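Peer 1: Pasting protein_21.txt here (compact mmCIF, C-alpha atoms):
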```
# COMPACT_ATOMS: atom_id res chain seq x y z
CA MET A 1 162.18 116.45 83.83
CA VAL A 2 162.26 113.17 85.68
CA PRO A 3 165.77 111.84 86.42
CA LEU A 4 166.73 108.51 84.89
CA ASN A 5 167.37 107.08 88.34
CA TRP A 6 163.71 107.35 89.31
CA TYR A 7 162.62 105.22 86.37
CA LEU A 8 165.26 102.66 87.21
CA ILE A 9 164.30 102.48 90.90
CA LEU A 10 160.63 102.04 89.96
CA SER A 11 161.43 99.31 87.46
CA ALA A 12 163.77 97.55 89.91
CA PHE A 13 160.95 97.47 92.45
CA VAL A 14 158.37 96.23 89.96
CA PHE A 15 160.82 93.58 88.74
CA SER A 16 161.50 92.37 92.28
CA ALA A 17 157.79 92.19 93.04
CA GLY A 18 157.24 90.20 89.87
CA LEU A 19 160.12 87.89 90.70
CA TYR A 20 158.66 87.18 94.12
CA ALA A 21 155.24 86.51 92.60
CA ALA A 22 156.81 84.15 90.06
CA LEU A 23 158.85 82.26 92.64
CA GLY A 24 156.78 82.37 95.79
CA ARG A 25 153.10 82.37 94.90
CA ARG A 26 151.15 79.14 95.02
CA ASN A 27 148.63 79.76 92.28
CA ALA A 28 149.83 79.31 88.71
CA ILE A 29 147.86 82.35 87.55
CA ALA A 30 149.61 84.51 90.16
CA VAL A 31 152.93 83.27 88.74
CA LEU A 32 151.84 84.43 85.28
CA MET A 33 150.94 87.82 86.76
CA GLY A 34 154.44 88.02 88.20
CA ILE A 35 155.92 87.34 84.78
CA GLU A 36 153.80 90.13 83.33
CA LEU A 37 155.11 92.49 86.02
CA MET A 38 158.70 91.59 85.16
CA LEU A 39 158.07 92.24 81.46
CA ASN A 40 156.57 95.60 82.36
CA ALA A 41 159.64 96.48 84.42
CA ALA A 42 161.83 95.67 81.42
CA ASN A 43 159.65 97.90 79.27
CA ILE A 44 159.95 100.80 81.71
CA ASN A 45 163.72 100.45 81.51
CA LEU A 46 163.70 100.30 77.71
CA VAL A 47 161.57 103.43 77.41
CA ALA A 48 163.63 105.31 80.02
CA PHE A 49 166.90 104.48 78.30
CA TRP A 50 165.40 105.46 74.95
CA ARG A 51 164.42 108.84 76.40
CA PHE A 52 167.89 109.45 77.83
CA GLY A 53 169.75 108.21 74.78
CA VAL A 54 171.43 110.27 72.09
CA THR A 55 168.92 111.92 69.68
CA PRO A 56 165.79 110.16 71.01
CA ALA A 57 163.66 111.58 68.18
CA GLU A 58 165.65 109.73 65.50
CA ASN A 59 166.95 106.75 67.41
CA LEU A 60 163.78 104.83 68.23
CA ASP A 61 165.22 101.37 68.94
CA GLY A 62 164.19 101.43 72.60
CA GLN A 63 160.55 102.06 71.76
CA ILE A 64 160.58 99.39 69.05
CA PHE A 65 162.01 96.89 71.50
CA ALA A 66 159.29 97.78 74.00
CA LEU A 67 156.62 97.18 71.35
CA PHE A 68 158.11 93.78 70.54
CA VAL A 69 158.10 92.92 74.24
CA ILE A 70 154.42 93.90 74.50
CA ALA A 71 153.49 91.68 71.55
CA VAL A 72 155.51 88.72 72.82
CA ALA A 73 153.95 89.16 76.27
CA ALA A 74 150.49 88.98 74.70
CA ALA A 75 151.39 85.71 72.98
CA GLU A 76 152.98 84.38 76.16
CA VAL A 77 149.98 85.10 78.36
CA ALA A 78 147.60 83.48 75.87
CA ILE A 79 149.66 80.27 75.80
CA GLY A 80 150.27 80.35 79.55
CA LEU A 81 146.60 80.67 80.42
CA ALA A 82 145.68 77.94 77.93
CA LEU A 83 148.22 75.68 79.62
CA ILE A 84 146.81 76.52 83.05
CA ILE A 85 143.26 75.76 81.92
CA SER A 86 144.44 72.51 80.38
CA VAL A 87 146.23 71.52 83.60
CA TYR A 88 143.18 72.47 85.65
CA ARG A 89 140.98 70.27 83.47
CA ASN A 90 143.26 67.27 83.95
CA ARG A 91 144.31 67.66 87.58
CA ARG A 92 141.48 69.79 89.04
CA THR A 93 144.02 72.14 90.63
CA VAL A 94 146.31 75.02 89.76
CA ASN A 95 148.19 74.76 93.04
CA LEU A 96 151.86 74.60 92.16
CA ASP A 97 152.71 72.58 95.26
CA ASP A 98 150.56 69.75 93.91
CA LEU A 99 151.89 69.88 90.36
CA ASP A 100 155.07 67.87 90.88
CA LEU A 101 154.55 65.20 88.23
CA LEU A 102 158.09 65.63 86.87
CA LYS A 103 159.72 65.37 90.30
CA GLY A 104 161.98 62.33 90.58
CA MET B 1 169.48 110.91 108.39
CA PRO B 2 170.31 108.02 106.04
CA GLU B 3 171.72 108.92 102.67
CA LEU B 4 169.22 108.64 99.82
CA PRO B 5 170.19 106.52 96.80
CA PHE B 6 169.72 109.56 94.55
CA PRO B 7 170.31 113.29 95.14
CA LEU B 8 167.07 115.10 95.78
CA PRO B 9 166.41 117.99 93.41
CA PRO B 10 165.99 121.39 95.05
CA LEU B 11 162.40 121.88 93.95
CA PRO B 12 160.35 119.16 92.23
CA THR B 13 158.71 120.13 88.98
CA VAL B 14 155.10 119.30 88.15
CA GLN B 15 156.28 116.41 86.00
CA GLN B 16 158.23 114.95 88.89
CA VAL B 17 155.28 115.21 91.26
CA VAL B 18 153.04 113.46 88.72
CA PHE B 19 155.70 110.81 88.20
CA VAL B 20 155.91 110.12 91.92
CA GLY B 21 152.12 109.75 92.11
CA ILE B 22 152.05 107.34 89.18
CA ALA B 23 155.02 105.43 90.56
CA LEU B 24 153.19 105.04 93.87
CA LEU B 25 150.17 103.64 92.01
CA THR B 26 152.45 101.16 90.24
CA VAL B 27 154.19 100.16 93.46
CA VAL B 28 150.91 99.65 95.33
CA GLY B 29 149.53 97.65 92.41
CA SER B 30 152.53 95.35 92.21
CA LEU B 31 152.49 94.88 95.99
CA ALA B 32 148.83 93.87 95.72
CA VAL B 33 149.75 91.33 93.05
CA VAL B 34 152.35 89.83 95.35
CA LEU B 35 150.59 89.95 98.71
CA ALA B 36 146.83 89.70 98.15
CA ARG B 37 145.26 86.51 99.48
CA ASN B 38 142.36 86.68 97.08
CA LEU B 39 143.54 86.09 93.53
CA PHE B 40 140.96 88.50 92.16
CA HIS B 41 142.46 91.31 94.25
CA SER B 42 145.80 90.40 92.71
CA ALA B 43 144.27 90.83 89.25
CA LEU B 44 142.94 94.27 90.22
CA GLY B 45 146.39 95.23 91.51
CA LEU B 46 147.82 94.07 88.22
CA VAL B 47 145.48 96.41 86.35
CA ALA B 48 146.62 99.30 88.59
CA ALA B 49 150.27 98.44 87.90
CA PHE B 50 149.60 98.31 84.16
CA PHE B 51 147.93 101.71 84.25
CA GLY B 52 150.84 103.10 86.25
CA ALA B 53 153.33 101.78 83.72
CA ALA B 54 151.29 103.38 80.93
CA GLY B 55 151.48 106.69 82.80
CA VAL B 56 155.24 106.31 83.15
CA TYR B 57 155.57 105.80 79.38
CA ILE B 58 153.50 108.90 78.71
CA ILE B 59 155.63 110.95 81.12
CA ALA B 60 158.70 109.68 79.27
CA GLU B 61 157.09 111.02 76.07
CA ALA B 62 156.61 107.56 74.57
CA GLU B 63 152.91 108.10 73.94
CA PHE B 64 152.50 105.28 71.45
CA ILE B 65 153.89 102.74 73.91
CA GLY B 66 151.57 104.11 76.57
CA VAL B 67 148.52 103.69 74.36
CA SER B 68 149.65 100.21 73.30
CA GLN B 69 150.12 99.35 76.96
CA VAL B 70 146.54 100.35 77.76
CA LEU B 71 145.16 98.50 74.73
CA VAL B 72 147.15 95.30 75.08
CA TYR B 73 147.80 94.92 78.79
CA VAL B 74 144.81 96.61 80.40
CA GLY B 75 142.38 95.70 77.65
CA ALA B 76 143.39 92.20 76.63
CA ILE B 77 145.76 90.59 79.12
CA SER B 78 143.83 91.62 82.23
CA THR B 79 140.62 90.30 80.71
CA LEU B 80 142.29 87.00 79.84
CA ILE B 81 143.68 86.66 83.35
CA THR B 82 140.29 87.43 84.90
CA PHE B 83 138.69 84.77 82.68
CA ALA B 84 141.32 82.23 83.71
CA ILE B 85 140.72 83.03 87.39
CA MET B 86 137.00 82.49 86.96
CA LEU B 87 137.52 79.24 85.03
CA THR B 88 139.83 77.79 87.69
CA ARG B 89 138.05 79.20 90.71
CA GLY B 90 138.16 75.88 92.55
CA MET B 91 141.02 77.07 94.75
CA MET B 92 140.47 80.77 94.46
CA PHE B 93 138.82 81.21 97.83
CA GLY B 94 139.38 79.60 101.17
CA ALA B 95 141.82 79.91 104.02
CA THR B 96 144.79 78.51 102.12
CA SER B 97 148.01 80.46 102.14
CA PRO B 98 148.83 82.35 98.93
CA ARG B 99 152.48 81.31 99.22
CA ASN B 100 154.02 78.04 98.16
CA ARG B 101 156.60 75.92 99.99
CA GLN B 102 159.62 77.79 98.69
CA SER B 103 158.30 81.29 99.41
CA GLY B 104 160.88 81.95 102.14
CA THR B 105 163.75 81.30 99.76
CA ALA B 106 161.92 83.31 97.12
CA ALA B 107 161.66 86.28 99.49
CA ILE B 108 165.40 86.15 100.23
CA ILE B 109 166.32 85.88 96.54
CA THR B 110 163.97 88.71 95.63
CA SER B 111 165.23 91.12 98.27
CA LEU B 112 168.83 90.30 97.34
CA THR B 113 168.01 91.01 93.68
CA PHE B 114 166.50 94.35 94.63
CA ILE B 115 169.48 95.30 96.80
CA VAL B 116 171.97 94.30 94.11
CA LEU B 117 170.05 96.26 91.45
CA MET B 118 169.98 99.36 93.64
CA ALA B 119 173.69 99.05 94.46
CA LEU B 120 174.55 98.65 90.77
CA MET B 121 172.46 101.68 89.87
CA ASN B 122 174.08 103.75 92.57
CA GLY B 123 177.57 103.13 91.21
CA ILE B 124 176.94 104.31 87.66
CA ASN B 125 177.16 107.87 86.45
CA TRP B 126 173.88 108.17 84.56
CA PRO B 127 173.27 111.01 82.12
CA GLU B 128 171.85 113.97 83.97
CA ALA B 129 169.53 115.41 81.35
CA SER B 130 167.72 114.04 78.34
CA GLU B 131 167.51 115.82 75.04
CA PRO B 132 164.21 117.65 74.74
CA ILE B 133 161.69 116.47 72.18
CA VAL B 134 160.34 119.50 70.39
CA ASP B 135 157.00 119.77 68.66
CA GLY B 136 156.96 118.55 65.10
CA GLN B 137 159.37 115.65 65.61
CA ALA B 138 157.18 112.84 64.31
CA ILE B 139 158.09 109.98 66.63
CA ILE B 140 155.11 107.80 65.81
CA ALA B 141 155.73 108.26 62.09
CA GLY B 142 159.35 107.28 62.71
CA LEU B 143 158.20 104.15 64.54
CA GLY B 144 155.94 103.18 61.66
CA ARG B 145 158.73 103.75 59.15
CA ALA B 146 161.19 101.69 61.17
CA PHE B 147 158.72 98.81 61.34
CA VAL B 148 158.38 98.59 57.56
CA THR B 149 162.00 99.21 56.65
CA GLU B 150 164.70 98.32 59.14
CA TYR B 151 162.63 95.96 61.30
CA ILE B 152 160.47 94.39 58.60
CA ILE B 153 161.63 90.81 59.20
CA PRO B 154 161.18 90.84 63.01
CA PHE B 155 157.83 92.54 62.46
CA GLU B 156 156.59 89.82 60.10
CA LEU B 157 157.97 87.11 62.38
CA LEU B 158 156.06 88.71 65.24
CA ALA B 159 152.84 88.56 63.22
CA LEU B 160 153.52 84.86 62.57
CA LEU B 161 154.28 84.30 66.26
CA LEU B 162 150.96 85.85 67.27
CA LEU B 163 149.11 83.64 64.77
CA VAL B 164 150.87 80.52 66.04
CA ALA B 165 150.18 81.52 69.65
CA LEU B 166 146.50 82.02 68.83
CA ALA B 167 146.24 78.58 67.23
CA GLY B 168 148.29 77.00 70.01
CA ALA B 169 146.13 78.52 72.73
CA ILE B 170 142.97 77.18 71.06
CA VAL B 171 144.46 73.70 70.69
CA LEU B 172 145.74 73.62 74.28
CA ALA B 173 142.54 74.87 75.88
CA LYS B 174 140.21 72.74 73.74
CA ASP B 175 138.23 70.07 75.52
CA ARG B 176 139.33 66.83 73.91
CA ASN B 177 136.40 64.75 75.12
```
Mind converting the file's structure to structure tokens?

Peer 2:
Amino acid sequence: MVPLNWYLILSAFVFSAGLYAALGRRNAIAVLMGIELMLNAANINLVAFWRFGVTPAENLDGQIFALFVIAVAAAEVAIGLALIISVYRNRRTVNLDDLDLLKG
Amino acid sequence: MPELPFPLPPLPTVQQVVFVGIALLTVVGSLAVVLARNLFHSALGLVAAFFGAAGVYIIAEAEFIGVSQVLVYVGAISTLITFAIMLTRGMMFGATSPRNRQSGTAAIITSLTFIVLMALMNGINWPEASEPIVDGQAIIAGLGRAFVTEYIIPFELLALLLLVALAGAIVLAKDRN
């Protein structure tokens, strides 16, 4: 049996990688990939805590949460990529350093 | 020798060895997402990370989540991302840096987050063993039942959200001219 700590270390690493991609990458699509990584890290945590909870066979809330996260992530990536394509059509770039229209 | 953040078990079981292999695949994949210069290599790393996460779910005996992960993430989201990369390939190649202006700060914040998460984890007395799941405990049936009884309203709202997201994506990506 895999200790709970191992899941948590893995998910902490994946979350940190996703956070760096979301904050430090220049391409908007790479930022979306980072967000997907962070959502995956959350899912790993949810499943691990479900497995180590009391009566995992009856108490399925962790798995249900993970399924909701997967569905919301699918919706989010569809909207995000549509936004990126729309921005690319208007500005001819997805470079986040150039997209500072709202900067005062 | 520096102290490990978790006590090493005396002899790793087969499950643990498989978990470490899958975790390494996930780690390498997420590192590729973060560090690759070519955006397409990032997308391939993302697929590897998704597969690794699916393996982790299956090791944790959440088979349905693992299958959903492969269907939704590997099947749909990776394809969408690859399409978006190809549609916006204007700046995909070239000698430009993959990092933006604030990447130094981002690296500091990220490593601090990781360190804080590890320190928090180290201080908590986690449960040592999980309850075994024996054959015949219908987990997937339980999931289905929960979705149509206890979680019926969130489930229906989720269906509506997906429909709205579908329509919104079409409207946003449509060429207005």

Peer 1: Calculated over all atoms listed in the file, which of the candidates A:Ala42, A:Leu4, A:Ala21, A:Ile85 has the smallest distance to B:Leu35?

Peer 2: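 For B:Leu35, the nearest of the candidates is A:Ala21.
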
Peer 1: Applying 9 Å and only C-alpha atoms, which residues near stretch 48-55 of chain B remain after dropping the ones on its own chain fewer than 5 positions away? List them as a VMD selection string.

Peer 2: (chain A and resid 14 37 40 to 41 43 to 44) or (chain B and resid 19 21 to 30 33 43 60 63 65 to 70 73 to 74)

Peer 1: Between A:Ala48, A:Ala17, A:Ala57, A:Met33, which one has atoms that come closest to B:Ala141, using all atoms listed in the file?

Peer 2: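 That would be A:Ala57, the residue with the smallest distance to B:Ala141.
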
Peer 1: Just checking: using only C-alpha atoms, which residue out of B:Arg176, B:Arg145, B:His41, B:Arg99 ends up closest to chain A?

Peer 2: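 Looking at the shortest contact to chain A, the residue is B:Arg99.
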
Peer 1: List every protein, DNA or RNA residue that has at least one atom no more than 6 Å from (155.5, 92.0, 67.1) in the file's coordinates, counting only C-alpha atoms, and write the result as a ChimeraX atom specification.

Peer 2: /A:68,71 /B:155,158-159

Peer 1: Which is closer to A:Leu99 than all the others in A:Ser16, A:Asn5, A:Asn27, A:Ser11, using only C-alpha atoms?

Peer 2: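 Of A:Ser16, A:Asn5, A:Asn27, A:Ser11, the one nearest A:Leu99, counting only C-alpha atoms, is A:Asn27.
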